[in-house]
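Visitor: If it helps, the file is called data_1.pdb and holds PDB, C-alpha atoms, pLDDT in the B column:
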```pdb
ATOM      1  CA  VAL A   1     -34.293 -26.858   9.649  1.00 92.00           C
ATOM      2  CA  GLN A   2     -32.417 -30.159   9.742  1.00 95.00           C
ATOM      3  CA  LEU A   3     -28.647 -30.117   9.461  1.00 97.00           C
ATOM      4  CA  GLN A   4     -26.205 -32.811   8.380  1.00 97.00           C
ATOM      5  CA  ALA A   5     -22.498 -32.189   8.849  1.00 97.00           C
ATOM      6  CA  SER A   6     -19.800 -34.087   6.982  1.00 97.00           C
ATOM      7  CA  GLY A   7     -16.189 -33.884   5.891  1.00 98.00           C
ATOM      8  CA  GLY A   8     -14.339 -34.625   9.097  1.00 97.00           C
ATOM      9  CA  GLY A   9     -11.443 -37.026   9.292  1.00 97.00           C
ATOM     10  CA  LEU A  10      -7.856 -37.610  10.300  1.00 98.00           C
ATOM     11  CA  VAL A  11      -5.227 -35.228   8.956  1.00 98.00           C
ATOM     12  CA  GLN A  12      -1.633 -34.385   9.791  1.00 98.00           C
ATOM     13  CA  ALA A  13      -0.692 -31.064  11.293  1.00 98.00           C
ATOM     14  CA  GLY A  14      -0.457 -28.427   8.584  1.00 98.00           C
ATOM     15  CA  GLY A  15      -3.041 -30.178   6.448  1.00 98.00           C
ATOM     16  CA  SER A  16      -6.493 -29.095   5.335  1.00 98.00           C
ATOM     17  CA  LEU A  17     -10.075 -30.274   5.535  1.00 98.00           C
ATOM     18  CA  ARG A  18     -13.348 -28.868   4.280  1.00 98.00           C
ATOM     19  CA  LEU A  19     -16.436 -29.450   6.341  1.00 98.00           C
ATOM     20  CA  SER A  20     -19.890 -29.268   4.813  1.00 98.00           C
ATOM     21  CA  CYS A  21     -23.269 -28.841   6.424  1.00 98.00           C
ATOM     22  CA  ALA A  22     -26.336 -29.580   4.326  1.00 98.00           C
ATOM     23  CA  ALA A  23     -29.668 -28.135   5.400  1.00 97.00           C
ATOM     24  CA  SER A  24     -33.155 -29.340   4.638  1.00 93.00           C
ATOM     25  CA  GLY A  25     -36.690 -28.682   5.693  1.00 80.00           C
ATOM     26  CA  ARG A  26     -36.825 -24.890   5.775  1.00 76.00           C
ATOM     27  CA  THR A  27     -35.658 -21.965   3.667  1.00 91.00           C
ATOM     28  CA  PHE A  28     -31.925 -22.055   4.166  1.00 94.00           C
ATOM     29  CA  SER A  29     -31.496 -18.362   3.451  1.00 94.00           C
ATOM     30  CA  SER A  30     -33.691 -17.570   6.449  1.00 94.00           C
ATOM     31  CA  TYR A  31     -30.879 -18.635   8.740  1.00 96.00           C
ATOM     32  CA  HIS A  32     -27.544 -17.343   9.878  1.00 97.00           C
ATOM     33  CA  MET A  33     -25.172 -20.281  10.185  1.00 98.00           C
ATOM     34  CA  GLY A  34     -22.411 -21.082  12.611  1.00 98.00           C
ATOM     35  CA  TRP A  35     -19.752 -23.672  13.338  1.00 98.00           C
ATOM     36  CA  PHE A  36     -18.847 -24.682  16.863  1.00 98.00           C
ATOM     37  CA  ARG A  37     -16.491 -27.328  18.176  1.00 98.00           C
ATOM     38  CA  GLN A  38     -16.075 -29.373  21.303  1.00 98.00           C
ATOM     39  CA  ALA A  39     -12.903 -31.126  22.350  1.00 97.00           C
ATOM     40  CA  PRO A  40     -12.882 -33.930  24.946  1.00 92.00           C
ATOM     41  CA  GLY A  41     -13.272 -32.531  28.439  1.00 95.00           C
ATOM     42  CA  LYS A  42     -13.888 -29.016  27.175  1.00 96.00           C
ATOM     43  CA  GLU A  43     -16.927 -26.845  26.631  1.00 96.00           C
ATOM     44  CA  ARG A  44     -18.365 -26.219  23.201  1.00 97.00           C
ATOM     45  CA  GLU A  45     -16.803 -23.125  21.647  1.00 97.00           C
ATOM     46  CA  PHE A  46     -17.571 -20.826  18.766  1.00 98.00           C
ATOM     47  CA  VAL A  47     -15.504 -21.219  15.609  1.00 98.00           C
ATOM     48  CA  ALA A  48     -17.096 -19.189  12.825  1.00 98.00           C
ATOM     49  CA  ALA A  49     -20.410 -17.772  11.626  1.00 98.00           C
ATOM     50  CA  ILE A  50     -21.901 -16.300   8.486  1.00 98.00           C
ATOM     51  CA  THR A  51     -24.986 -14.187   7.950  1.00 97.00           C
ATOM     52  CA  TRP A  52     -27.899 -15.384   5.863  1.00 96.00           C
ATOM     53  CA  SER A  53     -26.687 -13.629   2.711  1.00 96.00           C
ATOM     54  CA  GLY A  54     -23.023 -14.382   3.243  1.00 96.00           C
ATOM     55  CA  SER A  55     -22.245 -10.692   3.461  1.00 96.00           C
ATOM     56  CA  HIS A  56     -20.697 -10.906   6.929  1.00 97.00           C
ATOM     57  CA  THR A  57     -18.475 -13.512   8.515  1.00 98.00           C
ATOM     58  CA  TYR A  58     -17.156 -13.841  12.056  1.00 98.00           C
ATOM     59  CA  TYR A  59     -14.301 -15.907  13.423  1.00 98.00           C
ATOM     60  CA  ALA A  60     -12.842 -16.931  16.719  1.00 97.00           C
ATOM     61  CA  ASP A  61      -9.391 -15.446  17.181  1.00 97.00           C
ATOM     62  CA  PHE A  62      -7.760 -18.863  17.216  1.00 95.00           C
ATOM     63  CA  VAL A  63      -8.887 -19.649  13.638  1.00 94.00           C
ATOM     64  CA  LYS A  64      -8.506 -16.265  11.968  1.00 92.00           C
ATOM     65  CA  GLY A  65      -6.373 -16.534   8.871  1.00 94.00           C
ATOM     66  CA  ARG A  66      -6.642 -20.342   8.820  1.00 98.00           C
ATOM     67  CA  PHE A  67     -10.365 -21.129   8.525  1.00 98.00           C
ATOM     68  CA  THR A  68     -12.912 -19.733   6.070  1.00 98.00           C
ATOM     69  CA  ILE A  69     -16.674 -20.033   6.365  1.00 98.00           C
ATOM     70  CA  SER A  70     -18.835 -19.746   3.263  1.00 98.00           C
ATOM     71  CA  ARG A  71     -22.284 -20.730   2.085  1.00 98.00           C
ATOM     72  CA  ASP A  72     -24.120 -21.604  -1.072  1.00 97.00           C
ATOM     73  CA  ASN A  73     -27.802 -20.825  -0.630  1.00 96.00           C
ATOM     74  CA  ALA A  74     -28.657 -22.481  -3.927  1.00 95.00           C
ATOM     75  CA  LYS A  75     -27.253 -25.740  -2.545  1.00 96.00           C
ATOM     76  CA  ASN A  76     -28.511 -25.222   1.019  1.00 97.00           C
ATOM     77  CA  THR A  77     -25.001 -25.797   2.284  1.00 97.00           C
ATOM     78  CA  VAL A  78     -22.508 -24.041   4.529  1.00 98.00           C
ATOM     79  CA  TYR A  79     -18.809 -24.856   4.435  1.00 98.00           C
ATOM     80  CA  LEU A  80     -15.840 -24.528   6.723  1.00 98.00           C
ATOM     81  CA  GLN A  81     -12.503 -24.615   4.936  1.00 98.00           C
ATOM     82  CA  MET A  82      -9.812 -25.427   7.472  1.00 98.00           C
ATOM     83  CA  ASN A  83      -6.167 -24.877   6.529  1.00 98.00           C
ATOM     84  CA  SER A  84      -2.938 -25.082   8.518  1.00 98.00           C
ATOM     85  CA  LEU A  85      -4.573 -27.413  10.975  1.00 98.00           C
ATOM     86  CA  LYS A  86      -3.028 -27.880  14.400  1.00 97.00           C
ATOM     87  CA  PRO A  87      -3.380 -30.735  16.898  1.00 97.00           C
ATOM     88  CA  GLU A  88      -5.342 -28.356  19.147  1.00 96.00           C
ATOM     89  CA  ASP A  89      -8.003 -28.127  16.430  1.00 98.00           C
ATOM     90  CA  THR A  90      -8.950 -31.730  17.213  1.00 98.00           C
ATOM     91  CA  ALA A  91     -12.619 -31.755  18.198  1.00 98.00           C
ATOM     92  CA  VAL A  92     -16.111 -32.644  17.112  1.00 98.00           C
ATOM     93  CA  TYR A  93     -17.327 -29.856  14.856  1.00 98.00           C
ATOM     94  CA  TYR A  94     -20.997 -28.897  14.821  1.00 98.00           C
ATOM     95  CA  CYS A  95     -22.928 -26.708  12.442  1.00 98.00           C
ATOM     96  CA  ALA A  96     -25.850 -24.717  13.760  1.00 98.00           C
ATOM     97  CA  ALA A  97     -28.600 -22.481  12.458  1.00 97.00           C
ATOM     98  CA  GLN A  98     -30.050 -19.300  13.906  1.00 96.00           C
ATOM     99  CA  ALA A  99     -33.222 -17.865  12.414  1.00 93.00           C
ATOM    100  CA  VAL A 100     -32.821 -14.371  11.020  1.00 90.00           C
ATOM    101  CA  ALA A 101     -36.321 -13.598  12.267  1.00 87.00           C
ATOM    102  CA  SER A 102     -35.120 -14.047  15.855  1.00 85.00           C
ATOM    103  CA  GLY A 103     -33.543 -10.617  15.555  1.00 82.00           C
ATOM    104  CA  TYR A 104     -30.851 -11.095  18.173  1.00 83.00           C
ATOM    105  CA  GLY A 105     -28.511  -8.163  18.522  1.00 84.00           C
ATOM    106  CA  GLY A 106     -25.077  -7.762  19.985  1.00 89.00           C
ATOM    107  CA  ARG A 107     -22.586 -10.473  19.273  1.00 92.00           C
ATOM    108  CA  TRP A 108     -25.281 -12.973  18.412  1.00 92.00           C
ATOM    109  CA  TRP A 109     -22.881 -15.253  16.581  1.00 94.00           C
ATOM    110  CA  LEU A 110     -20.985 -16.186  19.725  1.00 93.00           C
ATOM    111  CA  ASP A 111     -23.806 -17.563  21.862  1.00 94.00           C
ATOM    112  CA  ALA A 112     -24.584 -21.226  21.225  1.00 94.00           C
ATOM    113  CA  ARG A 113     -27.886 -20.832  23.079  1.00 94.00           C
ATOM    114  CA  LEU A 114     -29.210 -18.604  20.291  1.00 94.00           C
ATOM    115  CA  TYR A 115     -28.896 -21.328  17.668  1.00 96.00           C
ATOM    116  CA  THR A 116     -32.042 -23.423  17.400  1.00 94.00           C
ATOM    117  CA  SER A 117     -30.939 -26.249  15.109  1.00 96.00           C
ATOM    118  CA  TRP A 118     -27.792 -28.340  15.337  1.00 97.00           C
ATOM    119  CA  GLY A 119     -26.169 -30.946  13.160  1.00 96.00           C
ATOM    120  CA  GLN A 120     -24.919 -34.224  14.566  1.00 94.00           C
ATOM    121  CA  GLY A 121     -21.249 -33.268  14.560  1.00 95.00           C
ATOM    122  CA  THR A 122     -18.277 -34.488  12.578  1.00 98.00           C
ATOM    123  CA  GLN A 123     -14.977 -35.564  14.115  1.00 98.00           C
ATOM    124  CA  VAL A 124     -11.788 -33.770  13.135  1.00 98.00           C
ATOM    125  CA  THR A 125      -8.531 -35.265  14.360  1.00 98.00           C
ATOM    126  CA  VAL A 126      -5.206 -33.576  13.696  1.00 98.00           C
ATOM    127  CA  SER A 127      -2.094 -35.624  14.371  1.00 97.00           C
ATOM    128  CA  SER A 128       1.246 -34.076  15.229  1.00 94.00           C
TER     129      SER A 128
END
```
What would the structure in this file look like if it were written as structure tokens?
Guide:
Amino acid sequence: VQLQASGGGLVQAGGSLRLSCAASGRTFSSYHMGWFRQAPGKEREFVAAITWSGSHTYYADFVKGRFTISRDNAKNTVYLQMNSLKPEDTAVYYCAAQAVASGYGGRWWLDARLYTSWGQGTQVTVSS
């Protein structure tokens, strides 16, 4: 599946952005979806994930209560609504897909190595 992320930009602290990730090429509902981010000089880190049906969502502790992941399988799109943004949220945000058929157990949503398709990233900059 090919992924195209969009929606990043420059926003003041306390503001909001909604990221979108459009998928094409394969059956979107065959994939769990995740968002990761990478700040300059730091490793890529997990932000949020959602199962193929949308029935389960997972969040990193540092975004709980501020970010919401959702998906629309009819539109082949996953979203990340980001509220109450902080300067430390500044990073390139990536969407990623993990095939349901892979059958990974445990905390599969956390491991970037288990995602087989990645979008190109979208820059989010939060000014103080």
Visitor: How many Å lie between atom CA of A:Arg66 and atom CA of A:Trp118, rounded to one decimal?
Guide: 23.5 Å
Visitor: Please expand the PyMOL selection byres ((chain A and resi 121) around 6) into the concrete residues it hits in this file, giving the result as an NGL selection string.
Guide: :A and (5 or 92-94 or 119-120 or 122)
Visitor: If you count all atoms listed in the file, which residues fall within 10 Å of stretch 25-31 of chain A, apart from same-chain ones fewer than 4 positions away, as an MDAnalysis selection string?
Guide: chainID A and resid 1:3 50:54 71:78 96:102 115:117
Visitor: Could you work out how far atom CA of A:Ser127 lies from atom CA of A:Ala13, giving the answer in Å with one decimal?
Guide: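 These two atoms are separated by 5.7 Å.
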Visitor: What does the distance between atom CA of A:Gly14 and atom CA of A:Leu85 come to in Å, to one decimal place?
Guide: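 Pair atom CA of A:Gly14 / atom CA of A:Leu85 returns 4.9 Å.
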Visitor: Which one of A:Lys86, A:Arg107, A:His32, A:Arg113 sits closest to A:Val63 if you count only C-alpha atoms?
Guide: A:Lys86
Visitor: So which residues get picked by the PyMOL selection byres ((chain A and resi 36) around 6) here, written as a PyMOL selection string?
Guide: chain A and resi 35+37+45-47+93-94
Visitor: Looking at all atoms listed in the file, which of A:Leu10, A:Ala49, A:Val126, A:Met33 is the one that sits closest to A:Glu88?
Guide: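 Comparing A:Leu10, A:Ala49, A:Val126, A:Met33 against A:Glu88, the winner is A:Val126.
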Visitor: Taking only C-alpha atoms into account, name the residue in A:Gln38, A:Asp89, A:Gln123, A:Gly103 that is nearest to A:Gly7.
Guide: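 For A:Gly7, the nearest of the candidates is A:Gln123.
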Visitor: Step by step, gather every atom of stretch 116-122 of chain A that the file lists, find the box along x, y and z that holds them, add 8 Å on each side, and finally give centre and edge lengths in Å to one decimal, as AutoDock Vina command-line options.
Guide:
```
--center_x -25.2 --center_y -29.0 --center_z 15.0 --size_x 29.8 --size_y 27.1 --size_z 20.8
```
Visitor: Of the candidates A:Gly34, A:Pro87, A:Pro40, A:Gly65, which one gets nearest to A:Gly15 if we count only C-alpha atoms?
Guide: A:Pro87
Visitor: Give the answer as one residue: which of A:Tyr104, A:Ala60, A:Thr90, A:Trp109 has the shortest atom-to-atom distance to A:Val11, using all atoms listed in the file?
Guide: A:Thr90
Visitor: Calculated over all atoms listed in the file, which of the candidates A:Ala23, A:Ser16, A:Ser128, A:Glu43 has the smallest distance to A:Phe67?
Guide: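 When distances to A:Phe67 are compared using all atoms listed in the file, the smallest one comes from A:Ser16.
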